[in-house]
Amino acid sequence: MRCGFVALIGAPNAGKSTLLNQMVGAKLSIVSPKAQTTRMRILGIVMHQQSQILLVDTPGIFKPKRRLDELMVSNAWTGAVDSDITLFILDAHNGLNEEINHIIQKLKETSRRIWLVLNKIDKIIPQKLLPLADQVNSLLSIERSFMVSAKKGNGVNDLMEALAKEVPEGPWLYPDDDLTNLPDRLLAAELVREQIFMKTHEEIPYAITVETESFKEKSDHSIRVDLVIYVSKPNHKAIIIGHQGQKIRMIGERARKELSRLLERPCHVFLTVKERKNWDSENNRLKAIGLDL
Ligand code: GDP
Ligand code: K
Ligand code: MG
């Protein structure tokens, strides 16, 4: 029996959440082309050949501007420090830049066993991969390298096999049919936040937070979830609600479908939007989205 924590570290949009979902085989962590989609540390549980691989998805590493950002970045690094193996996910199409060099410096301080995962190989010609891996290897001591397309699944099985062999020996920490440690209440809030990421633009996705107010199982086993979307500006409220409530209905409907699929039963989702200035500097709001302060 083996069991170990594996942190996914990388720049925003490297494909960390996509890789976690691909390995777990379910969409646990929200994915979008926007930076800072992932705010909290999410654990994906993968069983492979008598090994339990505990994948820790993290917010990307970027230059923090506000307290929420700072907490996201420091929570990501805590994920790396606490893990047995760190997967350094690199968008192979983008290659190296100043931001990545900064991550590499920090990885040296925080992680002992670093595996390089060159992602998005579906977007680049194969001849460019080895030189890129060599370049990273010259800057940082890499234990192993993998080339994958997290989106399409190529190479992901090889990575999983290797992890299954290399995580430390020890008992499983979670039941073997669990997919995540994320509580259902948080999952529901994340799914609503995901839809807001898809359906709104510019600063809105970054200026809102979603919390589950109540989560109840009804006698027919369906679930009723009431959620609040906190916005910091009155015009954001109007944008999220949309003309005659069209936008918020669509957000609720899509989140409901995703939640029903993940929880494998009918769900009913009720959304309210509330204005709350400076929610992003309130400790309780930050804790509610799963960040350690
Ligand atoms: P994260 O910020 O590192 O968690 O990145 P996400 O998982 O949210 O992905 C960011 C964007 O990259 C999304 O639009 C994904 O669909 C896309 N993406 C992730 N992996 C791949 C891949 O292997 N190939 C391609 N072409 N796109 C990918
Ligand atoms: K993203
Ligand atoms: Mg992510």
# chains A, B, ... in the order shown; residues from 1 in each chain; ligands from 1
>>> closest_atom_pairs(of="chain A", to="ligand 3", cutoff="10 Å", atoms="only C-alpha atoms and all ligand atoms", output="tab-separated table")
residue	atom	partner	partner_atom_place_in_ligand_line	distance
A:Leu8	CA	ligand 3	1 (Mg)	9.3
A:Ile9	CA	ligand 3	1 (Mg)	9.7
A:Gly10	CA	ligand 3	1 (Mg)	9.4
A:Ala11	CA	ligand 3	1 (Mg)	9.4
A:Pro12	CA	ligand 3	1 (Mg)	7.0
A:Asn13	CA	ligand 3	1 (Mg)	6.8
A:Ala14	CA	ligand 3	1 (Mg)	8.2
A:Gly15	CA	ligand 3	1 (Mg)	6.7
A:Lys16	CA	ligand 3	1 (Mg)	5.4
A:Ser17	CA	ligand 3	1 (Mg)	4.2
A:Thr18	CA	ligand 3	1 (Mg)	7.3
A:Leu19	CA	ligand 3	1 (Mg)	9.2
A:Leu20	CA	ligand 3	1 (Mg)	9.0
A:Ser29	CA	ligand 3	1 (Mg)	6.8
A:Ile30	CA	ligand 3	1 (Mg)	6.4
A:Val31	CA	ligand 3	1 (Mg)	5.8
A:Ser32	CA	ligand 3	1 (Mg)	7.7
A:Pro33	CA	ligand 3	1 (Mg)	9.4
A:Lys34	CA	ligand 3	1 (Mg)	9.1
A:Ala35	CA	ligand 3	1 (Mg)	7.8
A:Gln36	CA	ligand 3	1 (Mg)	6.9
A:Thr37	CA	ligand 3	1 (Mg)	5.5
A:Thr38	CA	ligand 3	1 (Mg)	4.2
A:Arg39	CA	ligand 3	1 (Mg)	7.8
A:Met40	CA	ligand 3	1 (Mg)	9.1
A:Arg41	CA	ligand 3	1 (Mg)	9.5
A:Ile42	CA	ligand 3	1 (Mg)	9.4
A:Asp57	CA	ligand 3	1 (Mg)	6.9
A:Thr58	CA	ligand 3	1 (Mg)	6.6
A:Pro59	CA	ligand 3	1 (Mg)	5.7
A:Gly60	CA	ligand 3	1 (Mg)	6.7
>>> residues_around(residues="Glu253 of chain A", least_positions_apart="3", cutoff="10 Å", atoms="only C-alpha atoms", output="list in words")
Val192, Gln195, Lys247, Ile248, Arg249, Met250, Arg256, Lys257, Glu258, Leu259, His268, Val269 and Phe270 of chain A
>>> closest_residue(among="A:Ala26, A:Met1, A:Met47, A:Ile125", to="Glu161 of chain A", atoms="only C-alpha atoms")
A:Met47
>>> closest_residue(among="A:Gly79, A:Gly95, A:Pro64, A:Gly153", to="Met23 of chain A", atoms="only C-alpha atoms")
A:Gly153
>>> atom_distance(atom1="atom CA of Lys152 of chain A", atom2="atom 23 (O, counted along the ligand's line) of ligand 1")
6.1 Å
